[in-house]
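One structure below.
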Amino acid sequence: MASGHNMMAPICLVENNNEQLSVNQKALQILDKISQPVVVVAIVGLYRTGKSYLMNRLAGQKDGFSLGSTVQSHTKGIWMWCVPHPKKSNHTLVLLDTEGLGDVEKGDNQNDSWIFALAILLSSTFVYNSMGTINQQAMDQLHYVTELTDRIRAKSSPDASEVEDSAAFLSFFPDFVWTLRDFSLDLEADGQPISADQYLEKSLTLKQGNSQKDNNFNLPRLCIRKFFPKKKCFIFDRPTHRKKLSQLETLHDDDLDAEFVQQVATFCSYIFNNSKIKTLSGGIQVNGPRLESLVQTFVNAISCGDLPCMENAVLALAEIENSAAVKKAIAHYDQQMGQKLQLPTDTLQELLDLHRASEKEAIKVFMKNSFKDVDNLFQKELAAELEKKLDDFCKQNMKASSDRCSALLEDIFTPLEESLKQGIYSKPGGYHLFIKKTQELKNTYLQEPRKGVQAEEILQAYLKSKESIADAILQTDQTLTEKEKEIEMQRMKAESAEAAAKMLEEMQAENQQMMEQKEKSHQEHVKQLTEKMERDRIQFMAEQERLLDLKLREQALLQKEGFLNESRQLQKEIHNLQLEMERQKEQCTII
């Protein structure tokens, strides 16, 4: 699917058996393979209103989603069809066709409410399909929109002041499209022609009054205006004669009403060009695996008797993706080190420089693939993993150096070992010959390249192992006086002490380098986290500004229509939104 694979037919995504919702694992497997961003279009409406026909046309087909031809609801649950987006390359269009609402055979509206809520939660464009005009009956049938805050939670623990606040919902709610089928009225107002969009806006005008009847009239209209600031309306003539409707799948466009064919084409064009990528709060674009996670989380919540919560769903998704982001970052680090590192390194600093460059790239990979890392737990996990990787490389580097140096010493000093076995130095003047030969071989060893960080330590250990032999040769050398032997003994001790001091100094320098490396690693994490936080802050503020603008427009419209009480209620939401924006400006967290 990631390479543009096209499903040949729809598959049930959310099954509805005996009014119990469950997820179809085969459908989830399809989503799991879609690495591209997804544009999700869901359609909802009363049964037998022709929803499936429109979805088939969006898929570029005449059939696929089941149309049915009886008065019974034909689609059960939520069906999914994933196709390459016809207008946006490297995007997948996910079409969700839902079972018809208001099926008398179900006898319970609760199941319909959950289907409606899931369609809202999963889509980036929500299509509501109904027959005829927008009258009070049509509004009454859309009562599900008035129950959204009872069916969906934006936050896991909302404050009392946030229960009625629509801002949190607006950040992830889809755009709203109302399709009116078999529309027979002339589009005009006060004798002037109007567009379908103007007809919708006019239909959402509130009625003055405080009676229960007035409240019932206004409530669905207020909810649509509040939750769906971006609205679009399309009208469709009857496609053909009533008797031919059952053959709609097989009819050629020439057999359909020409106006209807054009209306369908206009609708499809709008969806293709204007429907957005499914995006979560914070600008998180949804791909197949992310949509898979959302479906599972929401349906599981409903099955357990809980309300589906967007915040919980995003956090559950973040857990999965941030864990994967750590693995991706570590894999990238391993790849970089595997390509660049050749053990043993001449110095510890050479290894540290390679580590730092690979670590920087690994952190970038993590930042790119992670989001909503609460308390930076996953970044801290990455930091600990990278530190452990460095410790392991340091040990490998020391072993590689030790092995190479030991092999070099064995190879270079073999002639000396053979001479010792033959007793060549056990004679007058043998001590000076032994010292001279040892120094020659030592110089040969020192000139060898890439011995690594253990070069001096392994050499000194080898020379120390020969001290007793050197001492024995010295004591038996009859050409030397006791005084000369004493001087030579002192020279050997001084040389050994000097070598030990040099190794101690090198060890302290290496410890200092490791401490400096830890601080540099910390600073790199802080630097990239700070940059990511700033990008997230800019994204958040842009999103909040958009929401604030939408609320201010709605408030101005309410004031213009004379609904001051509703305007004052909206002012509270605007105030809360502005406070949240101020809080976000001040927040800053570093690991």
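Residues in the structure tokens are named by chain (A, B, ... in the order shown) and by number from 1 within that chain; ligands are numbered from 1 in the order shown.
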For A:Leu352: contacts at 10 Å, only C-alpha atoms, fewer than 3 positions along chain excluded, given as a PDB file with all heavy atoms, in the first residue's frame:
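Result went into around-v8.pdb, see below:
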ATOM      1  N   THR A 345      40.633   2.700  17.234  1.00  0.00           N
ATOM      2  CA  THR A 345      40.948   4.081  16.873  1.00  0.00           C
ATOM      3  C   THR A 345      42.280   4.460  17.503  1.00  0.00           C
ATOM      4  O   THR A 345      42.660   3.931  18.562  1.00  0.00           O
ATOM      5  CB  THR A 345      39.853   5.036  17.364  1.00  0.00           C
ATOM      6  OG1 THR A 345      39.731   4.927  18.793  1.00  0.00           O
ATOM      7  CG2 THR A 345      38.514   4.713  16.731  1.00  0.00           C
ATOM      8  N   THR A 347      43.071   7.224  18.947  1.00  0.00           N
ATOM      9  CA  THR A 347      42.858   7.910  20.226  1.00  0.00           C
ATOM     10  C   THR A 347      41.411   7.748  20.663  1.00  0.00           C
ATOM     11  O   THR A 347      40.533   7.436  19.847  1.00  0.00           O
ATOM     12  CB  THR A 347      43.171   9.413  20.111  1.00  0.00           C
ATOM     13  OG1 THR A 347      42.239  10.011  19.180  1.00  0.00           O
ATOM     14  CG2 THR A 347      44.603   9.655  19.630  1.00  0.00           C
ATOM     15  N   LEU A 348      41.178   7.984  21.931  1.00  0.00           N
ATOM     16  CA  LEU A 348      39.808   7.978  22.440  1.00  0.00           C
ATOM     17  C   LEU A 348      39.011   9.107  21.801  1.00  0.00           C
ATOM     18  O   LEU A 348      37.830   8.939  21.484  1.00  0.00           O
ATOM     19  CB  LEU A 348      39.822   8.138  23.964  1.00  0.00           C
ATOM     20  CG  LEU A 348      38.452   8.292  24.628  1.00  0.00           C
ATOM     21  CD1 LEU A 348      37.596   7.060  24.384  1.00  0.00           C
ATOM     22  CD2 LEU A 348      38.592   8.578  26.115  1.00  0.00           C
ATOM     23  N   GLN A 349      39.657  10.244  21.586  1.00  0.00           N
ATOM     24  CA  GLN A 349      38.963  11.398  21.021  1.00  0.00           C
ATOM     25  C   GLN A 349      38.411  11.096  19.628  1.00  0.00           C
ATOM     26  O   GLN A 349      37.327  11.557  19.261  1.00  0.00           O
ATOM     27  CB  GLN A 349      39.903  12.614  20.967  1.00  0.00           C
ATOM     28  CG  GLN A 349      39.198  13.922  20.678  1.00  0.00           C
ATOM     29  CD  GLN A 349      38.153  14.264  21.719  1.00  0.00           C
ATOM     30  OE1 GLN A 349      38.439  14.272  22.911  1.00  0.00           O
ATOM     31  NE2 GLN A 349      36.937  14.538  21.284  1.00  0.00           N
ATOM     32  N   HIS A 355      31.294   9.170  17.611  1.00  0.00           N
ATOM     33  CA  HIS A 355      30.075   8.964  18.403  1.00  0.00           C
ATOM     34  C   HIS A 355      29.216  10.216  18.412  1.00  0.00           C
ATOM     35  O   HIS A 355      27.996  10.141  18.212  1.00  0.00           O
ATOM     36  CB  HIS A 355      30.445   8.582  19.840  1.00  0.00           C
ATOM     37  CG  HIS A 355      29.300   8.730  20.805  1.00  0.00           C
ATOM     38  ND1 HIS A 355      28.277   7.807  20.903  1.00  0.00           N
ATOM     39  CD2 HIS A 355      29.008   9.722  21.702  1.00  0.00           C
ATOM     40  CE1 HIS A 355      27.415   8.200  21.816  1.00  0.00           C
ATOM     41  NE2 HIS A 355      27.824   9.358  22.318  1.00  0.00           N
ATOM     42  N   ARG A 356      29.854  11.361  18.621  1.00  0.00           N
ATOM     43  CA  ARG A 356      29.087  12.606  18.731  1.00  0.00           C
ATOM     44  C   ARG A 356      28.368  12.928  17.420  1.00  0.00           C
ATOM     45  O   ARG A 356      27.208  13.350  17.418  1.00  0.00           O
ATOM     46  CB  ARG A 356      29.997  13.762  19.143  1.00  0.00           C
ATOM     47  CG  ARG A 356      29.243  15.023  19.491  1.00  0.00           C
ATOM     48  CD  ARG A 356      30.002  15.946  20.409  1.00  0.00           C
ATOM     49  NE  ARG A 356      31.313  16.306  19.899  1.00  0.00           N
ATOM     50  CZ  ARG A 356      32.463  15.889  20.431  1.00  0.00           C
ATOM     51  NH1 ARG A 356      32.450  15.065  21.479  1.00  0.00           N
ATOM     52  NH2 ARG A 356      33.624  16.246  19.921  1.00  0.00           N
ATOM     53  N   ALA A 357      29.043  12.721  16.297  1.00  0.00           N
ATOM     54  CA  ALA A 357      28.420  12.986  14.996  1.00  0.00           C
ATOM     55  C   ALA A 357      27.245  12.033  14.756  1.00  0.00           C
ATOM     56  O   ALA A 357      26.174  12.447  14.300  1.00  0.00           O
ATOM     57  CB  ALA A 357      29.455  12.841  13.883  1.00  0.00           C
ATOM     58  N   SER A 358      27.431  10.748  15.090  1.00  0.00           N
ATOM     59  CA  SER A 358      26.362   9.756  14.897  1.00  0.00           C
ATOM     60  C   SER A 358      25.226   9.997  15.884  1.00  0.00           C
ATOM     61  O   SER A 358      24.048   9.816  15.549  1.00  0.00           O
ATOM     62  CB  SER A 358      26.921   8.342  15.080  1.00  0.00           C
ATOM     63  OG  SER A 358      27.944   8.087  14.128  1.00  0.00           O
ATOM     64  N   LEU A 390      27.980   3.913  23.647  1.00  0.00           N
ATOM     65  CA  LEU A 390      29.333   4.478  23.700  1.00  0.00           C
ATOM     66  C   LEU A 390      30.221   3.658  24.635  1.00  0.00           C
ATOM     67  O   LEU A 390      31.382   3.361  24.301  1.00  0.00           O
ATOM     68  CB  LEU A 390      29.277   5.937  24.155  1.00  0.00           C
ATOM     69  CG  LEU A 390      30.640   6.615  24.349  1.00  0.00           C
ATOM     70  CD1 LEU A 390      31.451   6.596  23.051  1.00  0.00           C
ATOM     71  CD2 LEU A 390      30.463   8.041  24.852  1.00  0.00           C
ATOM     72  N   PHE A 393      31.223   0.564  22.857  1.00  0.00           N
ATOM     73  CA  PHE A 393      32.238   0.831  21.828  1.00  0.00           C
ATOM     74  C   PHE A 393      33.601   1.086  22.463  1.00  0.00           C
ATOM     75  O   PHE A 393      34.638   0.680  21.904  1.00  0.00           O
ATOM     76  CB  PHE A 393      31.825   2.019  20.951  1.00  0.00           C
ATOM     77  CG  PHE A 393      30.926   1.648  19.806  1.00  0.00           C
ATOM     78  CD1 PHE A 393      29.682   2.240  19.648  1.00  0.00           C
ATOM     79  CD2 PHE A 393      31.322   0.707  18.867  1.00  0.00           C
ATOM     80  CE1 PHE A 393      28.850   1.900  18.592  1.00  0.00           C
ATOM     81  CE2 PHE A 393      30.498   0.349  17.805  1.00  0.00           C
ATOM     82  CZ  PHE A 393      29.252   0.946  17.669  1.00  0.00           C
ATOM     83  N   CYS A 394      33.609   1.760  23.604  1.00  0.00           N
ATOM     84  CA  CYS A 394      34.879   2.010  24.299  1.00  0.00           C
ATOM     85  C   CYS A 394      35.519   0.673  24.716  1.00  0.00           C
ATOM     86  O   CYS A 394      36.743   0.483  24.572  1.00  0.00           O
ATOM     87  CB  CYS A 394      34.659   2.891  25.525  1.00  0.00           C
ATOM     88  SG  CYS A 394      34.357   4.628  25.130  1.00  0.00           S
ATOM     89  N   GLN A 513      37.913  13.435  29.197  1.00  0.00           N
ATOM     90  CA  GLN A 513      37.272  13.424  27.886  1.00  0.00           C
ATOM     91  C   GLN A 513      35.877  12.803  27.963  1.00  0.00           C
ATOM     92  O   GLN A 513      34.929  13.304  27.333  1.00  0.00           O
ATOM     93  CB  GLN A 513      38.137  12.636  26.886  1.00  0.00           C
ATOM     94  CG  GLN A 513      39.381  13.377  26.415  1.00  0.00           C
ATOM     95  CD  GLN A 513      40.229  12.508  25.500  1.00  0.00           C
ATOM     96  OE1 GLN A 513      40.543  11.368  25.832  1.00  0.00           O
ATOM     97  NE2 GLN A 513      40.618  13.040  24.362  1.00  0.00           N
ATOM     98  N   MET A 514      35.738  11.724  28.730  1.00  0.00           N
ATOM     99  CA  MET A 514      34.436  11.062  28.867  1.00  0.00           C
ATOM    100  C   MET A 514      33.440  11.974  29.583  1.00  0.00           C
ATOM    101  O   MET A 514      32.262  12.035  29.207  1.00  0.00           O
ATOM    102  CB  MET A 514      34.590   9.748  29.635  1.00  0.00           C
ATOM    103  CG  MET A 514      35.348   8.663  28.873  1.00  0.00           C
ATOM    104  SD  MET A 514      34.535   8.170  27.323  1.00  0.00           S
ATOM    105  CE  MET A 514      33.084   7.344  27.954  1.00  0.00           C
ATOM    106  N   GLN A 517      32.373  14.531  27.175  1.00  0.00           N
ATOM    107  CA  GLN A 517      31.479  13.947  26.188  1.00  0.00           C
ATOM    108  C   GLN A 517      30.055  13.852  26.730  1.00  0.00           C
ATOM    109  O   GLN A 517      29.087  14.151  26.018  1.00  0.00           O
ATOM    110  CB  GLN A 517      31.980  12.552  25.789  1.00  0.00           C
ATOM    111  CG  GLN A 517      31.008  11.770  24.918  1.00  0.00           C
ATOM    112  CD  GLN A 517      30.642  12.492  23.639  1.00  0.00           C
ATOM    113  OE1 GLN A 517      31.496  13.100  23.004  1.00  0.00           O
ATOM    114  NE2 GLN A 517      29.367  12.456  23.273  1.00  0.00           N
TER     115      GLN A 517
END
Practice task
Show which residues sit within 9 Å of A:Ala196, as a count of residues only. Count only C-alpha atoms, and ignore same-chain residues fewer than 5 positions away.
Solution key: 6
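With distances restricted to only C-alpha atoms, A:Lys51 is the closest residue to A:Met131 from A:Lys380, A:Lys51, A:Lys276, A:Lys231.
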Problem - d(atom CA of A:Val41, atom CA of A:Val127) in Å - result: 7.3 Å
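Close contacts of A:Ala313, defined as residues with an atom at most 12 Å away when counting only C-alpha atoms, with chain neighbours fewer than 6 positions off set aside, comprise Leu121, Leu122, Ile152, Arg153, Ala154, Lys155, Ser156, Phe172, Leu280, Ser281, Arg290, Leu291, Glu292, Ser293, Leu294, Val295, Gln296, Thr297, Phe298, Val299, Asn300, Ala301, Leu307, Glu319, Ile320 and Lys372 of chain A.
Distance check against A:Pro449 using only C-alpha atoms: of A:Arg583, A:Lys572, A:Lys230, A:Arg404, the minimum falls on A:Arg404.
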Problem - Residue among A:Glu519, A:Asp140, A:Asp237, A:Glu456 lying closest to A:Arg221, counting only C-alpha atoms - result: A:Asp140
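Every protein, DNA or RNA residue with an atom at most 9 Å from stretch 20-24 of chain A, where only C-alpha atoms count and chain neighbours fewer than 6 positions away do not, is listed here: Ile11, Cys12, Leu13, Val14, Gly77, Asn111, Trp114, Ile115, Val295, Gln296, Val299, Asn300, Ile302 and Ser303 of chain A.
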Export of prior selection with all heavy atoms as a compact mmCIF listing (two decimals), in the first residue's frame:
# COMPACT_ATOMS: atom_id res chain seq x y z
N ILE A 11 -13.59 -3.30 2.51
CA ILE A 11 -13.56 -4.31 3.55
C ILE A 11 -14.17 -3.71 4.81
O ILE A 11 -14.07 -2.50 5.04
CB ILE A 11 -12.12 -4.80 3.81
CG1 ILE A 11 -12.10 -5.97 4.80
CG2 ILE A 11 -11.25 -3.66 4.34
CD1 ILE A 11 -10.72 -6.60 4.96
N CYS A 12 -14.82 -4.53 5.60
CA CYS A 12 -15.42 -4.03 6.84
C CYS A 12 -14.32 -3.66 7.83
O CYS A 12 -13.44 -4.48 8.12
CB CYS A 12 -16.36 -5.06 7.45
SG CYS A 12 -17.31 -4.42 8.85
N LEU A 13 -14.35 -2.45 8.31
CA LEU A 13 -13.35 -1.98 9.28
C LEU A 13 -13.86 -2.16 10.71
O LEU A 13 -13.16 -2.69 11.57
CB LEU A 13 -13.04 -0.49 9.02
CG LEU A 13 -12.12 0.21 10.03
CD1 LEU A 13 -10.73 -0.43 10.03
CD2 LEU A 13 -12.02 1.70 9.70
N VAL A 14 -15.08 -1.67 10.95
CA VAL A 14 -15.70 -1.82 12.28
C VAL A 14 -16.97 -2.66 12.11
O VAL A 14 -17.91 -2.24 11.44
CB VAL A 14 -16.05 -0.45 12.90
CG1 VAL A 14 -16.71 -0.63 14.26
CG2 VAL A 14 -14.80 0.41 13.03
N GLY A 77 -22.11 -1.67 10.19
CA GLY A 77 -20.84 -1.23 10.72
C GLY A 77 -20.23 -0.11 9.89
O GLY A 77 -20.94 0.73 9.32
N ASN A 111 -26.61 2.72 19.25
CA ASN A 111 -25.66 2.16 18.30
C ASN A 111 -25.38 3.15 17.17
O ASN A 111 -24.24 3.32 16.74
CB ASN A 111 -26.22 0.85 17.74
CG ASN A 111 -25.14 -0.04 17.16
OD1 ASN A 111 -25.11 -0.28 15.97
ND2 ASN A 111 -24.25 -0.54 18.01
N TRP A 114 -22.96 5.86 18.28
CA TRP A 114 -21.54 5.48 18.28
C TRP A 114 -20.98 5.45 16.86
O TRP A 114 -19.83 5.86 16.64
CB TRP A 114 -21.38 4.11 18.94
CG TRP A 114 -21.53 4.12 20.43
CD1 TRP A 114 -22.32 3.31 21.18
CD2 TRP A 114 -20.85 4.97 21.37
NE1 TRP A 114 -22.20 3.61 22.51
CE2 TRP A 114 -21.30 4.62 22.66
CE3 TRP A 114 -19.93 6.01 21.24
CZ2 TRP A 114 -20.86 5.27 23.81
CZ3 TRP A 114 -19.48 6.65 22.39
CH2 TRP A 114 -19.94 6.28 23.65
N ILE A 115 -21.76 4.98 15.90
CA ILE A 115 -21.31 4.99 14.50
C ILE A 115 -21.05 6.44 14.06
O ILE A 115 -20.05 6.75 13.41
CB ILE A 115 -22.37 4.34 13.58
CG1 ILE A 115 -22.53 2.85 13.90
CG2 ILE A 115 -22.03 4.56 12.11
CD1 ILE A 115 -21.37 1.99 13.49
N VAL A 295 -8.44 3.72 15.45
CA VAL A 295 -9.61 2.84 15.34
C VAL A 295 -9.66 1.88 16.53
O VAL A 295 -10.70 1.73 17.19
CB VAL A 295 -9.59 2.04 14.02
CG1 VAL A 295 -10.71 1.01 13.99
CG2 VAL A 295 -9.72 2.98 12.83
N GLN A 296 -8.54 1.25 16.81
CA GLN A 296 -8.49 0.28 17.90
C GLN A 296 -8.82 0.94 19.25
O GLN A 296 -9.60 0.42 20.04
CB GLN A 296 -7.11 -0.37 17.98
CG GLN A 296 -6.85 -1.40 16.90
CD GLN A 296 -5.48 -2.03 17.05
OE1 GLN A 296 -4.46 -1.35 17.00
NE2 GLN A 296 -5.44 -3.33 17.26
N VAL A 299 -12.68 2.11 19.39
CA VAL A 299 -13.63 0.99 19.45
C VAL A 299 -13.48 0.23 20.76
O VAL A 299 -14.48 -0.19 21.37
CB VAL A 299 -13.46 0.05 18.23
CG1 VAL A 299 -14.34 -1.19 18.36
CG2 VAL A 299 -13.79 0.80 16.94
N ASN A 300 -12.25 0.05 21.22
CA ASN A 300 -12.04 -0.62 22.51
C ASN A 300 -12.68 0.16 23.65
O ASN A 300 -13.26 -0.43 24.57
CB ASN A 300 -10.54 -0.80 22.79
CG ASN A 300 -9.91 -1.86 21.89
OD1 ASN A 300 -10.62 -2.66 21.29
ND2 ASN A 300 -8.60 -1.85 21.80
N ILE A 302 -15.30 2.17 23.48
CA ILE A 302 -16.76 1.99 23.38
C ILE A 302 -17.16 0.61 23.88
O ILE A 302 -18.14 0.46 24.63
CB ILE A 302 -17.24 2.21 21.92
CG1 ILE A 302 -17.00 3.67 21.50
CG2 ILE A 302 -18.70 1.83 21.77
CD1 ILE A 302 -17.21 3.91 20.02
N SER A 303 -16.39 -0.41 23.50
CA SER A 303 -16.71 -1.78 23.90
C SER A 303 -16.61 -1.96 25.41
O SER A 303 -17.32 -2.80 25.99
CB SER A 303 -15.76 -2.77 23.21
OG SER A 303 -15.88 -2.69 21.80
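Between atom CA of A:Ile43 and atom CA of A:Phe173 the separation is 14.3 Å.
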Exercise for the section: Identify, on the basis of only C-alpha atoms, every residue whose closest approach to A:Ile330 does not exceed 8 Å; exclude the query and any residue fewer than 5 positions from it along the same chain; express the result as a count of residues only. Expected result: 4
Fill in the blank from the handout: Among A:Phe267, A:Val326, A:Gln141, A:Ser195, A:Met55 is approached most closely, using only C-alpha atoms, by A:Phe267
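Atom CA of A:Val40 is positioned 8.5 Å from atom CA of A:Thr92.
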Handout entry: A:Gly209 environment, 10 Å, only C-alpha atoms, sequence neighbours closer than 4 positions dropped, as a PyMOL selection string
Key = chain A and resi 213-215+218+563
Please produce a file of the residues just selected, as an mmCIF file, in the first residue's frame, where the atoms kept are N, CA, C and O atoms.
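Generated file (again-v4.cif):
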data_model
loop_
_atom_site.group_PDB
_atom_site.id
_atom_site.type_symbol
_atom_site.label_atom_id
_atom_site.label_comp_id
_atom_site.auth_asym_id
_atom_site.auth_seq_id
_atom_site.Cartn_x
_atom_site.Cartn_y
_atom_site.Cartn_z
ATOM 1 N N LYS A 213 -39.679 24.845 22.378
ATOM 2 C CA LYS A 213 -39.723 24.657 20.931
ATOM 3 C C LYS A 213 -38.599 25.433 20.252
ATOM 4 O O LYS A 213 -37.948 24.926 19.327
ATOM 5 N N ASP A 214 -38.360 26.667 20.710
ATOM 6 C CA ASP A 214 -37.274 27.479 20.152
ATOM 7 C C ASP A 214 -35.921 26.838 20.443
ATOM 8 O O ASP A 214 -35.033 26.803 19.577
ATOM 9 N N ASN A 215 -35.773 26.336 21.680
ATOM 10 C CA ASN A 215 -34.508 25.693 22.048
ATOM 11 C C ASN A 215 -34.261 24.445 21.206
ATOM 12 O O ASN A 215 -33.134 24.190 20.767
ATOM 13 N N ASN A 218 -33.112 25.546 17.810
ATOM 14 C CA ASN A 218 -31.777 26.154 17.747
ATOM 15 C C ASN A 218 -30.644 25.190 18.073
ATOM 16 O O ASN A 218 -29.525 25.342 17.554
ATOM 17 N N PHE A 563 -28.352 37.194 19.342
ATOM 18 C CA PHE A 563 -28.304 36.153 20.363
ATOM 19 C C PHE A 563 -27.171 36.471 21.342
ATOM 20 O O PHE A 563 -26.089 35.883 21.313
#
Exercise for the section: Would you please give, as a VMD selection string, all residues of stretch 180-268 of chain A that DSSP assigns to strand (DSSP E or B) based on the backbone? Expected result: chain A and resid 180 to 181 188 to 189 192 to 193 231 to 235
Residues at most 7 Å from stretch 412-428 of chain A, counting only C-alpha atoms, excluding those fewer than 3 positions away in the same chain, as a PDB file with N, CA and C atoms, in the first residue's frame?
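Resulting contents of selection07.pdb:
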ATOM      1  N   LEU A 408      51.120  -7.659  17.819  1.00  0.00           N
ATOM      2  CA  LEU A 408      52.314  -6.957  17.330  1.00  0.00           C
ATOM      3  C   LEU A 408      53.524  -7.290  18.190  1.00  0.00           C
ATOM      4  N   LEU A 409      53.331  -7.235  19.499  1.00  0.00           N
ATOM      5  CA  LEU A 409      54.448  -7.510  20.406  1.00  0.00           C
ATOM      6  C   LEU A 409      54.957  -8.932  20.221  1.00  0.00           C
ATOM      7  N   TYR A 431      74.173  -7.934  28.911  1.00  0.00           N
ATOM      8  CA  TYR A 431      73.111  -7.030  29.369  1.00  0.00           C
ATOM      9  C   TYR A 431      72.927  -5.853  28.409  1.00  0.00           C
ATOM     10  N   LEU A 433      73.730  -5.719  25.308  1.00  0.00           N
ATOM     11  CA  LEU A 433      73.159  -6.218  24.051  1.00  0.00           C
ATOM     12  C   LEU A 433      71.638  -6.416  24.184  1.00  0.00           C
ATOM     13  N   PHE A 434      71.240  -6.939  25.374  1.00  0.00           N
ATOM     14  CA  PHE A 434      69.804  -7.161  25.628  1.00  0.00           C
ATOM     15  C   PHE A 434      69.031  -5.842  25.639  1.00  0.00           C
ATOM     16  N   LEU A 441      63.544  -3.079  19.219  1.00  0.00           N
ATOM     17  CA  LEU A 441      62.228  -3.702  18.984  1.00  0.00           C
ATOM     18  C   LEU A 441      61.098  -2.806  19.501  1.00  0.00           C
ATOM     19  N   TYR A 445      57.957  -1.305  17.377  1.00  0.00           N
ATOM     20  CA  TYR A 445      56.567  -1.384  17.845  1.00  0.00           C
ATOM     21  C   TYR A 445      55.910  -0.004  17.843  1.00  0.00           C
ATOM     22  N   ILE A 473      69.949 -11.095  33.869  1.00  0.00           N
ATOM     23  CA  ILE A 473      71.029 -10.867  32.909  1.00  0.00           C
ATOM     24  C   ILE A 473      71.994  -9.831  33.458  1.00  0.00           C
ATOM     25  N   ASP A 477      76.062 -10.439  34.452  1.00  0.00           N
ATOM     26  CA  ASP A 477      76.991  -9.824  33.493  1.00  0.00           C
ATOM     27  C   ASP A 477      78.268  -9.419  34.235  1.00  0.00           C
ATOM     28  N   GLN A 478      79.373 -10.186  34.018  1.00  0.00           N
ATOM     29  CA  GLN A 478      80.611  -9.977  34.749  1.00  0.00           C
ATOM     30  C   GLN A 478      81.410  -8.767  34.293  1.00  0.00           C
ATOM     31  N   THR A 479      80.970  -8.152  33.206  1.00  0.00           N
ATOM     32  CA  THR A 479      81.717  -6.976  32.730  1.00  0.00           C
ATOM     33  C   THR A 479      81.313  -5.728  33.480  1.00  0.00           C
TER      34      THR A 479
END
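With only C-alpha atoms as the basis for measurement, A:Thr438 is the residue among A:Gln335, A:Asn56, A:Asn565, A:Thr438 that approaches A:Lys466 most closely.
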Practice task
as a ChimeraX atom specification, list the residues of stretch 73-281 of chain A assigned to helix (DSSP H, G or I) by DSSP on the backbone atoms of this structure.
Solution key: /A:109-122,136-141,143-151,160-162,167-170,196-203,212-227,242-247,253-255,258-274
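Closest approach to A:Ile30 among A:Tyr53, A:Met80, A:Pro229, A:Gln528 is made by A:Met80 (distances from only C-alpha atoms).
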